[in-house]
Structure formats: structure tokens, C-alpha cells
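Chemist: My file is structure31.txt. It has compact mmCIF, C-alpha atoms:
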```
# COMPACT_ATOMS: atom_id res chain seq x y z
CA MET A 249 -29.11 -23.13 -26.81
CA GLY A 250 -31.40 -25.15 -24.61
CA TYR A 251 -32.55 -23.97 -21.23
CA LEU A 252 -30.44 -26.65 -19.53
CA ASP A 253 -27.24 -25.24 -21.04
CA GLY A 254 -27.46 -22.36 -18.58
CA PHE A 255 -26.84 -24.78 -15.73
CA LYS A 256 -23.48 -25.87 -17.15
CA VAL A 257 -21.70 -22.92 -15.56
CA THR A 258 -23.29 -23.65 -12.20
CA PHE A 259 -22.44 -27.36 -12.19
CA LYS A 260 -18.91 -26.62 -13.39
CA GLN A 261 -18.28 -24.35 -10.41
CA ILE A 262 -19.23 -27.10 -7.98
CA PHE A 263 -15.92 -28.83 -8.61
CA GLU A 264 -13.80 -25.64 -8.60
CA PRO A 265 -11.91 -24.45 -5.48
CA ARG A 266 -13.98 -22.09 -3.38
CA VAL A 267 -12.83 -18.47 -3.18
CA THR A 268 -15.60 -17.27 -0.89
CA THR A 269 -14.52 -15.92 2.48
CA GLU A 270 -16.66 -17.18 5.36
CA TYR A 271 -17.45 -13.73 6.71
CA PRO A 272 -17.54 -12.78 9.58
CA ASP A 273 -15.63 -15.79 10.93
CA GLU A 274 -12.93 -15.31 8.29
CA LYS A 275 -11.83 -11.90 7.08
CA ARG A 276 -9.64 -10.83 4.22
CA GLU A 277 -6.46 -8.91 4.95
CA LYS A 278 -7.08 -5.19 4.64
CA PRO A 279 -4.93 -2.90 2.49
CA GLU A 280 -2.19 -0.90 4.18
CA ARG A 281 -3.96 2.42 3.60
CA PHE A 282 -7.50 1.25 4.28
CA HIS A 283 -9.97 4.04 5.09
CA GLY A 284 -11.70 3.18 8.36
CA ARG A 285 -12.75 4.81 11.61
CA HIS A 286 -10.85 7.99 12.47
CA VAL A 287 -8.51 8.50 15.41
CA LEU A 288 -7.10 11.67 16.96
CA ASN A 289 -3.40 11.22 17.66
CA ARG A 290 -1.01 12.43 20.32
CA TYR A 291 2.67 13.37 20.25
CA GLU A 292 5.19 11.12 21.92
CA ASP A 293 5.04 13.23 25.08
CA GLY A 294 1.27 12.68 25.31
CA MET A 295 0.17 16.11 24.13
CA GLU A 296 -2.64 16.23 21.57
CA LYS A 297 -1.76 16.97 17.96
CA CYS A 298 -5.04 18.73 17.19
CA ILE A 299 -4.72 22.53 17.33
CA GLY A 300 -8.38 23.30 16.61
CA CYS A 301 -7.67 24.95 13.24
CA GLU A 302 -10.90 23.52 11.75
CA LEU A 303 -9.28 22.80 8.36
CA CYS A 304 -10.64 19.25 8.45
CA ALA A 305 -14.18 20.56 8.95
CA GLY A 306 -13.74 23.10 6.18
CA VAL A 307 -12.54 20.59 3.58
CA CYS A 308 -15.06 17.85 4.43
CA PRO A 309 -17.44 17.41 1.45
CA ALA A 310 -20.06 15.66 3.59
CA ARG A 311 -19.92 18.26 6.36
CA CYS A 312 -19.74 15.53 8.95
CA ILE A 313 -16.98 17.11 11.08
CA TYR A 314 -17.61 19.78 13.70
CA VAL A 315 -14.64 21.41 15.44
CA ARG A 316 -14.40 24.25 17.94
CA GLY A 317 -10.99 25.49 19.01
CA ALA A 318 -10.12 27.00 22.37
CA ASP A 319 -7.07 28.69 23.87
CA ASN A 320 -4.69 26.40 25.69
CA PRO A 321 -4.71 26.82 29.49
CA PRO A 322 -1.34 28.42 30.39
CA ASP A 323 -0.87 26.20 33.43
CA ALA A 324 -1.91 22.91 31.73
CA PRO A 325 -1.66 23.14 27.91
CA VAL A 326 -3.39 20.38 25.95
CA SER A 327 -1.43 20.83 22.70
CA PRO A 328 1.93 22.46 21.83
CA GLY A 329 0.21 25.33 19.98
CA GLU A 330 -1.78 28.30 21.22
CA ARG A 331 -5.08 26.47 20.73
CA TYR A 332 -6.46 22.95 20.87
CA GLY A 333 -9.55 21.12 19.68
CA PHE A 334 -11.97 21.83 22.52
CA VAL A 335 -14.88 20.22 20.64
CA TYR A 336 -14.34 17.57 17.98
CA GLU A 337 -17.20 15.53 16.53
CA ILE A 338 -17.59 13.26 13.50
CA ASN A 339 -21.05 12.19 12.35
CA TYR A 340 -20.60 8.72 10.86
CA LEU A 341 -24.08 8.79 9.38
CA ARG A 342 -22.63 11.31 6.92
CA CYS A 343 -18.94 10.37 6.65
CA ILE A 344 -17.87 8.93 3.27
CA HIS A 345 -14.27 8.12 4.36
CA CYS A 346 -12.75 10.17 1.56
CA ASP A 347 -9.73 11.03 3.78
CA LEU A 348 -9.67 14.68 2.71
CA CYS A 349 -9.61 15.59 6.40
CA VAL A 350 -6.42 13.56 6.83
CA GLU A 351 -4.69 15.32 3.95
CA ALA A 352 -5.81 18.77 5.10
CA CYS A 353 -4.58 18.39 8.69
CA PRO A 354 -1.31 20.36 9.17
CA THR A 355 -0.26 18.42 12.30
CA GLU A 356 -1.30 14.86 11.32
CA ALA A 357 -3.74 14.93 14.22
CA ILE A 358 -6.49 12.99 12.47
CA THR A 359 -5.82 9.72 10.68
CA GLU A 360 -7.85 6.62 9.93
CA SER A 361 -7.66 3.11 11.32
CA LYS A 362 -8.67 -0.01 9.42
CA LEU A 363 -11.87 -0.51 11.43
CA PHE A 364 -15.04 -0.35 9.35
CA GLU A 365 -17.30 -2.76 11.24
CA PHE A 366 -19.30 -0.68 13.66
CA SER A 367 -23.04 -0.18 13.87
CA PHE A 368 -25.34 1.92 15.97
CA THR A 369 -28.73 1.51 17.58
CA ASN A 370 -29.30 5.25 17.97
CA ARG A 371 -28.19 8.48 16.35
CA GLN A 372 -26.21 9.68 19.35
CA ASP A 373 -23.79 6.73 19.15
CA ALA A 374 -23.07 7.58 15.51
CA ILE A 375 -21.70 11.00 16.46
CA TYR A 376 -18.20 10.35 17.80
CA THR A 377 -16.88 12.93 20.24
CA ARG A 378 -13.35 14.06 21.01
CA ASP A 379 -13.11 11.70 23.99
CA GLU A 380 -14.04 8.72 21.82
CA LEU A 381 -11.74 9.62 18.93
CA LEU A 382 -8.66 10.52 20.97
CA VAL A 383 -6.14 7.71 21.48
CA ASP A 384 -5.56 6.52 25.03
CA ASP A 385 -2.47 7.03 27.18
CA ASP A 386 -0.68 4.21 25.33
CA GLY A 387 -1.47 5.56 21.88
CA HIS A 388 -4.14 2.98 21.03
CA PRO A 389 -7.60 3.82 19.69
CA ARG A 390 -10.41 3.60 22.21
CA LYS A 391 -12.52 0.51 21.53
CA LEU A 392 -16.23 1.16 21.94
CA PRO A 393 -18.81 -1.56 22.70
CA TRP A 394 -20.41 -1.47 19.24
CA GLU A 395 -17.10 -1.78 17.35
CA ASP A 396 -15.67 -5.08 16.08
CA TRP A 397 -11.91 -4.58 16.30
CA ARG A 398 -9.69 -7.29 14.82
CA GLU A 399 -5.95 -7.82 14.80
CA GLY A 400 -4.22 -5.25 12.63
CA ASP A 401 -7.08 -2.75 12.57
CA GLU A 402 -5.17 -0.23 14.68
CA THR A 403 -1.70 -0.64 13.15
CA ASN A 404 -0.23 1.99 10.84
CA THR A 405 -3.14 4.36 11.31
CA SER A 406 -1.01 7.08 9.72
CA ALA A 407 -0.17 5.06 6.60
CA TRP A 408 -2.23 7.40 4.44
CA VAL A 409 -0.14 10.35 5.64
CA ARG A 410 3.13 8.51 5.09
CA ALA A 411 2.12 7.64 1.54
CA THR A 412 1.53 11.27 0.59
CA ALA A 413 4.58 13.06 -0.81
CA PRO A 414 4.74 16.85 -1.30
CA SER A 415 3.10 17.57 -4.67
CA GLY A 416 3.65 13.92 -5.59
CA ASP A 417 7.39 14.55 -6.04
CA ALA A 418 9.24 11.22 -6.14
CA GLY A 419 12.31 12.95 -4.74
CA PHE A 420 10.66 12.94 -1.31
CA GLU A 421 10.02 9.19 -1.37
CA GLY A 422 11.43 7.42 1.66
CA LYS A 423 12.12 10.64 3.57
CA VAL A 424 10.56 11.11 6.99
CA ALA A 425 8.43 14.27 6.94
CA TRP A 426 6.09 13.57 9.86
CA SER A 427 6.16 13.75 13.61
CA GLY A 428 6.28 10.88 16.08
CA GLU A 429 3.20 9.26 17.58
CA LEU A 430 2.49 8.22 21.12
CA GLY A 431 3.24 4.50 21.50
CA ARG A 432 4.86 4.21 18.04
CA GLY A 433 7.49 6.93 17.80
CA VAL A 434 8.53 8.05 14.33
CA VAL A 435 7.11 5.49 11.94
CA ALA A 436 9.53 4.37 9.23
CA ALA A 437 8.95 5.57 5.70
CA GLU A 438 7.29 3.31 3.17
CA GLN A 439 9.59 1.99 0.46
CA GLY A 440 7.26 3.00 -2.33
CA GLN A 441 7.18 2.26 -6.03
CA VAL A 442 10.92 2.68 -6.60
CA ALA A 443 11.72 -0.16 -4.19
CA GLU A 444 8.96 -2.31 -5.65
CA ALA A 445 10.30 -1.78 -9.17
CA ALA A 446 13.84 -2.62 -8.02
CA ALA A 447 12.64 -5.82 -6.33
CA ALA A 448 10.70 -6.85 -9.44
CA LYS A 449 13.75 -6.19 -11.60
CA ALA A 450 15.97 -8.24 -9.30
CA ALA A 451 13.49 -11.12 -9.42
CA ARG A 452 13.56 -11.26 -13.20
CA PRO A 453 16.40 -13.35 -14.73
CA SER A 454 18.95 -11.30 -16.63
CA LYS A 455 19.25 -11.56 -20.41
CA LYS A 456 22.60 -13.30 -20.07
CA VAL A 457 21.12 -15.99 -17.79
CA ALA A 458 18.18 -16.43 -20.13
CA ARG A 459 20.48 -16.93 -23.14
CA THR A 460 22.56 -19.46 -21.17
CA ARG A 461 19.43 -21.45 -20.32
CA ARG A 462 18.33 -21.50 -23.95
CA SER A 463 21.79 -22.64 -25.05
CA ALA A 464 21.76 -25.43 -22.50
CA LYS A 465 18.49 -26.71 -23.92
```
Rewrite the structure from the file as C-alpha cells, please.

Modeler:
Amino acid sequence: MGYLDGFKVTFKQIFEPRVTTEYPDEKREKPERFHGRHVLNRYEDGMEKCIGCELCAGVCPARCIYVRGADNPPDAPVSPGERYGFVYEINYLRCIHCDLCVEACPTEAITESKLFEFSFTNRQDAIYTRDELLVDDDGHPRKLPWEDWREGDETNTSAWVRATAPSGDAGFEGKVAWSGELGRGVVAAEQGQVAEAAAAKAARPSKKVARTRRSAK
């Protein structure tokens, strides 16, 4: 094999269709359950879902979450429970986006958006506080100056929760087992693998049709 033979692959690709995405001007569509920047959700009445239980901080393998709970003020409660997340911080210099915090949360307070393009010029900006993580009065994530939000990044932020069935039991598939969200209400259940299998089966021609086609030939 001569040394020029190695260039055959390169010259061959010149005439092939390009599959490269012109990032950042063009971006690929992100998966439904993409692990991105976290958000703290509210109930439909505007109350915060976080109850300050610190389960997310306890399960985090990177120890990037810091939570301090406090008793709800009797005259102006922040959450429906006895306590709420008085301090909530996520250090994104440590976070590995494993989503264990999302699975551990008993109230679906913390979920992840599809945003992953954010950079910092100092350490303080990398530590997101409760005010930065909490959704606004319309239920949308707060967009910070150093974040590059694109269309679809904030939709279905609870998709990871909706895809998790109790103990993986298929009998719970399609059943709503989560609370409503501010600005979105109760999100519809995903159809799951059963619906996908049924659609694939319906798309395939039946054996009778296949035999008829062969006979016609």
C-alpha cells in the first residue's frame, strides 16, 4: 500500500454529502430527556415545590448541591409543607448532570432543562442560588446573561420524571403520577415503548398483504 493510498478516503469524502452541523449557528435537536441546567419548579398556585428535605444533596455523588431547610412562615408560607428550601445552591463546576437529584426528589421540585451552553468568568457565577434556579411567576426558567437559551430548551423540563415508572413496572406506563407545574398544568404522560411497538407493528405490512403482493408479481 503506497503512501498516496491513504488519501483515497479523504478525496472520496469530498464528493459525499456533508453531515457536519455548523455549530453554533446550527444546532442539532436535543433528546426529550436531555440533562441540562436545573430548575426549581412551582405548583400551579405559585407555591414552591421544594420542601427543604435535602435528599437531593444527600444523593449527589459530586456533592455539588447545598440545601438548608427552614420552617414556613405561618402568615406567608412558601411551600405547602412545614418547611421550604431556604438556601439552595448548585455548584456547576462540580455537577456531572447524572440526574440522581431529580429521581430522589419526593415533590418533583428539581428537574433539568435542555440548556447546556453556559460559561462563567468567575467562580461565583458558577454557583447557582435559589433565586436563579427558581422558575419565574409564569413558570419559565430565569435566563441569566451568560446562558445561551434556544427554542425548546425550556420545554418538558420534567420529562425525566415522567419517564420514570415505579420500580420500572410497565403497568404504570401512561398513568399520571405527578403534580401540575406552574404555567404548564399537569403534563400529559409519555406514550412509551408499548405505543412505539404498536406503531411499528401497524406500519409493517401484514403477512396476508405480503403474500398478495408476491402473488401479483

Chemist: Quick one: everything within 12 Å of Asn404 in chain A, counting all atoms listed in the file, minus sequence neighbours fewer than 6 positions away in the same chain. Send it as a PyMOL selection string.

Modeler: chain A and resi 278-284+287+289+359-363+387-389+410-411+429+431-438

Chemist: Considering only C-alpha atoms, state which residue in the set A:Phe368, A:Tyr251, A:Tyr332, A:Trp426 is at the smallest distance from Gly300 in chain A.

Modeler: A:Tyr332

Chemist: Would you compute the distance between CA of Ala447 in chain A and CA of Gly419 in chain A? Give it in Å to one decimal.

Modeler: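 Between CA of Ala447 in chain A and CA of Gly419 in chain A the gap is 18.8 Å.
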
Chemist: So which one's closest to Leu348 in chain A, A:Cys304, A:Met295, A:Ala450, A:Ala324? Using only C-alpha atoms, please.

Modeler: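 Ranking A:Cys304, A:Met295, A:Ala450, A:Ala324 by distance to Leu348 in chain A, first place goes to A:Cys304.
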
Chemist: Return the padded bounding box of range 360-363 of chain A as AutoDock Vina command-line options: axis-aligned, built from all atoms listed in the file, 8 Å added on each side, with centre and edge lengths in Å to one decimal.

Modeler:
```
--center_x -9.8 --center_y 3.1 --center_z 10.4 --size_x 20.2 --size_y 23.1 --size_z 18.0
```

Chemist: So how many Å separate CA of Asp347 in chain A and CA of Glu274 in chain A, to one decimal?

Modeler: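 Between CA of Asp347 in chain A and CA of Glu274 in chain A the gap works out to 26.9 Å.
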
Chemist: Neighbours of Ala310 in chain A within 10 Å (only C-alpha atoms; same-chain residues fewer than 6 positions away dropped), as a VMD selection string?

Modeler: chain A and resid 339 341 to 346

Chemist: Calculate how many Å separate CA of Ala446 in chain A from CA of Glu351 in chain A, rounding to one decimal.

Modeler: 28.4 Å

Chemist: Measuring between all atoms listed in the file, which one of A:Asp319, A:Glu296, A:Glu399, A:Glu421 shows the shortest distance to Leu381 in chain A?

Modeler: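 Under the stated criterion, the closest residue is A:Glu296.
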
Chemist: Residues near Ala318 in chain A, anyone? I mean within 7 Å using all atoms listed in the file, not counting same-chain ones fewer than 5 positions away, as an MDAnalysis selection string.

Modeler: chainID A and resid 331:334

Chemist: Mind listing whatever residues come within 9 Å of the point (-16.0, -1.5, 17.2)? Use only C-alpha atoms, file coordinates, and give them as a PyMOL selection string.

Modeler: chain A and resi 363-367+391-398

Chemist: Just checking: using all atoms listed in the file, which residue out of A:Val424, A:Leu288, A:Gly400, A:Val350 ends up closest to Lys275 in chain A?

Modeler: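 Ranked by minimum distance to Lys275 in chain A, first place goes to A:Gly400.
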
Chemist: Just checking: using all atoms listed in the file, which residue out of A:Gly306, A:Gly317, A:Pro322, A:Gly329 ends up closest to Cys353 in chain A?

Modeler: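 Using all atoms listed in the file, the shortest distance to Cys353 in chain A belongs to A:Gly306.
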
Chemist: Select, from A:Ile338, A:Glu292, A:Arg276, A:Pro325, the residue with the minimum atom-to-atom distance to Asp373 in chain A, counting only C-alpha atoms.

Modeler: A:Ile338

Chemist: Any chance you could export range 371-401 of chain A with N, CA and C atoms, as a PDB file, in the first residue's frame?

Modeler:
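And here's result.pdb as it stands now:
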```
ATOM      1  N   ARG A 371     -15.833  32.196  39.603  1.00  0.00           N
ATOM      2  CA  ARG A 371     -16.364  31.067  40.357  1.00  0.00           C
ATOM      3  C   ARG A 371     -17.746  31.363  40.927  1.00  0.00           C
ATOM      4  N   GLN A 372     -17.995  32.582  41.322  1.00  0.00           N
ATOM      5  CA  GLN A 372     -19.258  32.929  41.948  1.00  0.00           C
ATOM      6  C   GLN A 372     -20.437  32.706  40.992  1.00  0.00           C
ATOM      7  N   ASP A 373     -20.250  33.016  39.705  1.00  0.00           N
ATOM      8  CA  ASP A 373     -21.324  32.812  38.737  1.00  0.00           C
ATOM      9  C   ASP A 373     -21.646  31.334  38.544  1.00  0.00           C
ATOM     10  N   ALA A 374     -20.682  30.464  38.803  1.00  0.00           N
ATOM     11  CA  ALA A 374     -20.885  29.026  38.612  1.00  0.00           C
ATOM     12  C   ALA A 374     -21.711  28.407  39.720  1.00  0.00           C
ATOM     13  N   ILE A 375     -21.873  29.105  40.834  1.00  0.00           N
ATOM     14  CA  ILE A 375     -22.679  28.603  41.941  1.00  0.00           C
ATOM     15  C   ILE A 375     -24.067  29.240  41.845  1.00  0.00           C
ATOM     16  N   TYR A 376     -25.019  28.466  41.347  1.00  0.00           N
ATOM     17  CA  TYR A 376     -26.376  28.970  41.160  1.00  0.00           C
ATOM     18  C   TYR A 376     -27.127  28.950  42.490  1.00  0.00           C
ATOM     19  N   THR A 377     -27.803  30.022  42.784  1.00  0.00           N
ATOM     20  CA  THR A 377     -28.545  30.145  44.032  1.00  0.00           C
ATOM     21  C   THR A 377     -30.024  29.821  43.811  1.00  0.00           C
ATOM     22  N   ARG A 378     -30.757  29.806  44.889  1.00  0.00           N
ATOM     23  CA  ARG A 378     -32.193  29.519  44.827  1.00  0.00           C
ATOM     24  C   ARG A 378     -32.929  30.516  43.933  1.00  0.00           C
ATOM     25  N   ASP A 379     -32.575  31.781  44.026  1.00  0.00           N
ATOM     26  CA  ASP A 379     -33.246  32.805  43.223  1.00  0.00           C
ATOM     27  C   ASP A 379     -33.000  32.607  41.733  1.00  0.00           C
ATOM     28  N   GLU A 380     -31.838  32.081  41.376  1.00  0.00           N
ATOM     29  CA  GLU A 380     -31.510  31.865  39.964  1.00  0.00           C
ATOM     30  C   GLU A 380     -32.116  30.569  39.427  1.00  0.00           C
ATOM     31  N   LEU A 381     -32.284  29.589  40.290  1.00  0.00           N
ATOM     32  CA  LEU A 381     -32.812  28.294  39.852  1.00  0.00           C
ATOM     33  C   LEU A 381     -34.335  28.263  39.831  1.00  0.00           C
ATOM     34  N   LEU A 382     -34.972  29.046  40.672  1.00  0.00           N
ATOM     35  CA  LEU A 382     -36.428  29.026  40.785  1.00  0.00           C
ATOM     36  C   LEU A 382     -37.082  29.644  39.553  1.00  0.00           C
ATOM     37  N   VAL A 383     -38.117  28.977  39.033  1.00  0.00           N
ATOM     38  CA  VAL A 383     -38.819  29.492  37.859  1.00  0.00           C
ATOM     39  C   VAL A 383     -39.532  30.786  38.220  1.00  0.00           C
ATOM     40  N   ASP A 384     -39.808  31.606  37.200  1.00  0.00           N
ATOM     41  CA  ASP A 384     -40.437  32.897  37.453  1.00  0.00           C
ATOM     42  C   ASP A 384     -41.938  32.738  37.680  1.00  0.00           C
ATOM     43  N   ASP A 385     -42.640  33.844  37.732  1.00  0.00           N
ATOM     44  CA  ASP A 385     -44.076  33.825  38.037  1.00  0.00           C
ATOM     45  C   ASP A 385     -44.904  33.185  36.931  1.00  0.00           C
ATOM     46  N   ASP A 386     -44.320  33.002  35.752  1.00  0.00           N
ATOM     47  CA  ASP A 386     -45.021  32.343  34.650  1.00  0.00           C
ATOM     48  C   ASP A 386     -44.597  30.893  34.487  1.00  0.00           C
ATOM     49  N   GLY A 387     -43.694  30.430  35.331  1.00  0.00           N
ATOM     50  CA  GLY A 387     -43.251  29.047  35.251  1.00  0.00           C
ATOM     51  C   GLY A 387     -42.086  28.806  34.316  1.00  0.00           C
ATOM     52  N   HIS A 388     -41.443  29.873  33.844  1.00  0.00           N
ATOM     53  CA  HIS A 388     -40.315  29.734  32.924  1.00  0.00           C
ATOM     54  C   HIS A 388     -38.992  29.881  33.668  1.00  0.00           C
ATOM     55  N   PRO A 389     -37.965  29.144  33.248  1.00  0.00           N
ATOM     56  CA  PRO A 389     -36.655  29.304  33.888  1.00  0.00           C
ATOM     57  C   PRO A 389     -36.123  30.721  33.722  1.00  0.00           C
ATOM     58  N   ARG A 390     -35.395  31.169  34.704  1.00  0.00           N
ATOM     59  CA  ARG A 390     -34.792  32.500  34.635  1.00  0.00           C
ATOM     60  C   ARG A 390     -33.560  32.429  33.734  1.00  0.00           C
ATOM     61  N   LYS A 391     -33.499  33.307  32.762  1.00  0.00           N
ATOM     62  CA  LYS A 391     -32.408  33.312  31.787  1.00  0.00           C
ATOM     63  C   LYS A 391     -31.341  34.313  32.231  1.00  0.00           C
ATOM     64  N   LEU A 392     -30.161  33.791  32.515  1.00  0.00           N
ATOM     65  CA  LEU A 392     -29.066  34.611  33.007  1.00  0.00           C
ATOM     66  C   LEU A 392     -28.194  35.090  31.859  1.00  0.00           C
ATOM     67  N   PRO A 393     -27.459  36.178  32.027  1.00  0.00           N
ATOM     68  CA  PRO A 393     -26.711  36.789  30.909  1.00  0.00           C
ATOM     69  C   PRO A 393     -25.712  35.849  30.242  1.00  0.00           C
ATOM     70  N   TRP A 394     -25.140  34.914  30.980  1.00  0.00           N
ATOM     71  CA  TRP A 394     -24.098  34.047  30.411  1.00  0.00           C
ATOM     72  C   TRP A 394     -24.662  32.736  29.861  1.00  0.00           C
ATOM     73  N   GLU A 395     -25.973  32.640  29.730  1.00  0.00           N
ATOM     74  CA  GLU A 395     -26.612  31.423  29.220  1.00  0.00           C
ATOM     75  C   GLU A 395     -27.122  31.638  27.799  1.00  0.00           C
ATOM     76  N   ASP A 396     -26.943  30.638  26.962  1.00  0.00           N
ATOM     77  CA  ASP A 396     -27.377  30.698  25.560  1.00  0.00           C
ATOM     78  C   ASP A 396     -28.617  29.826  25.388  1.00  0.00           C
ATOM     79  N   TRP A 397     -29.778  30.407  25.704  1.00  0.00           N
ATOM     80  CA  TRP A 397     -31.040  29.668  25.588  1.00  0.00           C
ATOM     81  C   TRP A 397     -31.500  29.663  24.136  1.00  0.00           C
ATOM     82  N   ARG A 398     -31.957  28.502  23.678  1.00  0.00           N
ATOM     83  CA  ARG A 398     -32.516  28.367  22.336  1.00  0.00           C
ATOM     84  C   ARG A 398     -33.928  27.802  22.431  1.00  0.00           C
ATOM     85  N   GLU A 399     -34.643  27.868  21.338  1.00  0.00           N
ATOM     86  CA  GLU A 399     -36.024  27.387  21.316  1.00  0.00           C
ATOM     87  C   GLU A 399     -36.075  25.898  21.692  1.00  0.00           C
ATOM     88  N   GLY A 400     -36.948  25.581  22.620  1.00  0.00           N
ATOM     89  CA  GLY A 400     -37.104  24.201  23.055  1.00  0.00           C
ATOM     90  C   GLY A 400     -36.293  23.820  24.270  1.00  0.00           C
ATOM     91  N   ASP A 401     -35.367  24.678  24.693  1.00  0.00           N
ATOM     92  CA  ASP A 401     -34.517  24.337  25.836  1.00  0.00           C
ATOM     93  C   ASP A 401     -35.298  24.266  27.141  1.00  0.00           C
TER      94      ASP A 401
END
```
